[in-house]
Amino acid sequence: AGLCWPSSRVLAECLVSAHSTQSGAALSLAPASSDPRWLVELGCGACALVSMAMAWLGFAVTATDLAHVIRRTEENLAGNEGVYGSGAAVNAAALDWNQPLTEAVRRALAPTHSSSADGATPFPSLVVASDTLYDGSVFASLARTLAALCGPDTRVYLAYQPRKAEEEATFFALAQTHGLLVTSRHSFAHSSQRTPTPDVAGVGLLLPREVIDEI
């Protein structure tokens, strides 16, 4: 199955819980009016756990990572089709954060036959990433990629193991310069029989600046 990022287990559990409880959950899913509800996972790794969990919930899903990783992601998704269902809209695609994310690239990532009422390329309802804040050298490219993926109704959830608070604060400040503001942060833990020591992750919600006043 490949490496499963510790924070992805936390994020998957939180998002599934948010879907189940609807109200009162610390995390909120995209508006039910989003059609289709489309999730993009950045840095999914070979496991793509969050993508599979959200496909199981009925989201159209695009799991992305670098080209050499995506080959293993595709194998893992195919091997776990029984988990999320053969009818689910699940796609794996190579995405390099160092390359410009143009509308054409976003269109290639979008679910098949997906477009807005005016025919424009849609934006994802949710963008998620797990354990992407351990390397400061990718902060600038990650912030640019997130900003390019976000439309006015997009929510971004970043799950990460707290390591260096100063570096993490640097990333969130950088994201703000690209029009994404952190509106909330939560700390969650996940444990199982296989991992009795809980995985602890911070989960930050980022929203486009123009919609902050509407919340």
# chains A, B, ... in the order shown; residues from 1 in each chain; ligands from 1
call {"tool": "select_by_dssp", "arguments": {"residues": "range 16-145 of chain A", "states": "strand (DSSP E)", "output": "list in words"}}
result
Trp38, Leu39, Val40, Glu41, Leu42, Ala60, Val61, Thr62, Ala63, Thr64, Asp65, Val90, Asn91, Ala92, Ala93, Ala94, Leu126, Val127, Val128, Ala129 and Ser130 of chain A
call {"tool": "residues_around", "arguments": {"residues": "Leu149 in chain A", "least_positions_apart": "2", "cutoff": "12 Å", "atoms": "only C-alpha atoms", "output": "PyMOL selection string"}}
result
chain A and resi 38-42+95+97+100-107+109-110+121-128+142-147+151-156+178-180+207-208
call {"tool": "atom_distance", "arguments": {"atom1": "CA of Asp135 in chain A", "atom2": "CA of Phe172 in chain A"}}
result
13.5 Å
call {"tool": "residues_around", "arguments": {"residues": "range 50-67 of chain A", "least_positions_apart": "3", "cutoff": "8 Å", "atoms": "only C-alpha atoms", "output": "number ranges by chain"}}
result
A: 8-9, 11-12, 15-16, 19, 36-45, 70-71, 77, 83-85, 88-96, 109-111
call {"tool": "closest_residue", "arguments": {"among": "A:Ala108, A:Ala48, A:Asn98, A:Arg163", "to": "Asn80 in chain A", "atoms": "only C-alpha atoms"}}
result
A:Ala48
call {"tool": "closest_residue", "arguments": {"among": "A:Leu205, A:Val182, A:Cys4, A:Ala175", "to": "Ser141 in chain A", "atoms": "only C-alpha atoms"}}
result
A:Ala175
call {"tool": "atom_distance", "arguments": {"atom1": "CA of Ser17 in chain A", "atom2": "CA of Thr132 in chain A"}}
result
22.5 Å
call {"tool": "atom_distance", "arguments": {"atom1": "CA of Ala129 in chain A", "atom2": "CA of Leu158 in chain A"}}
result
5.0 Å
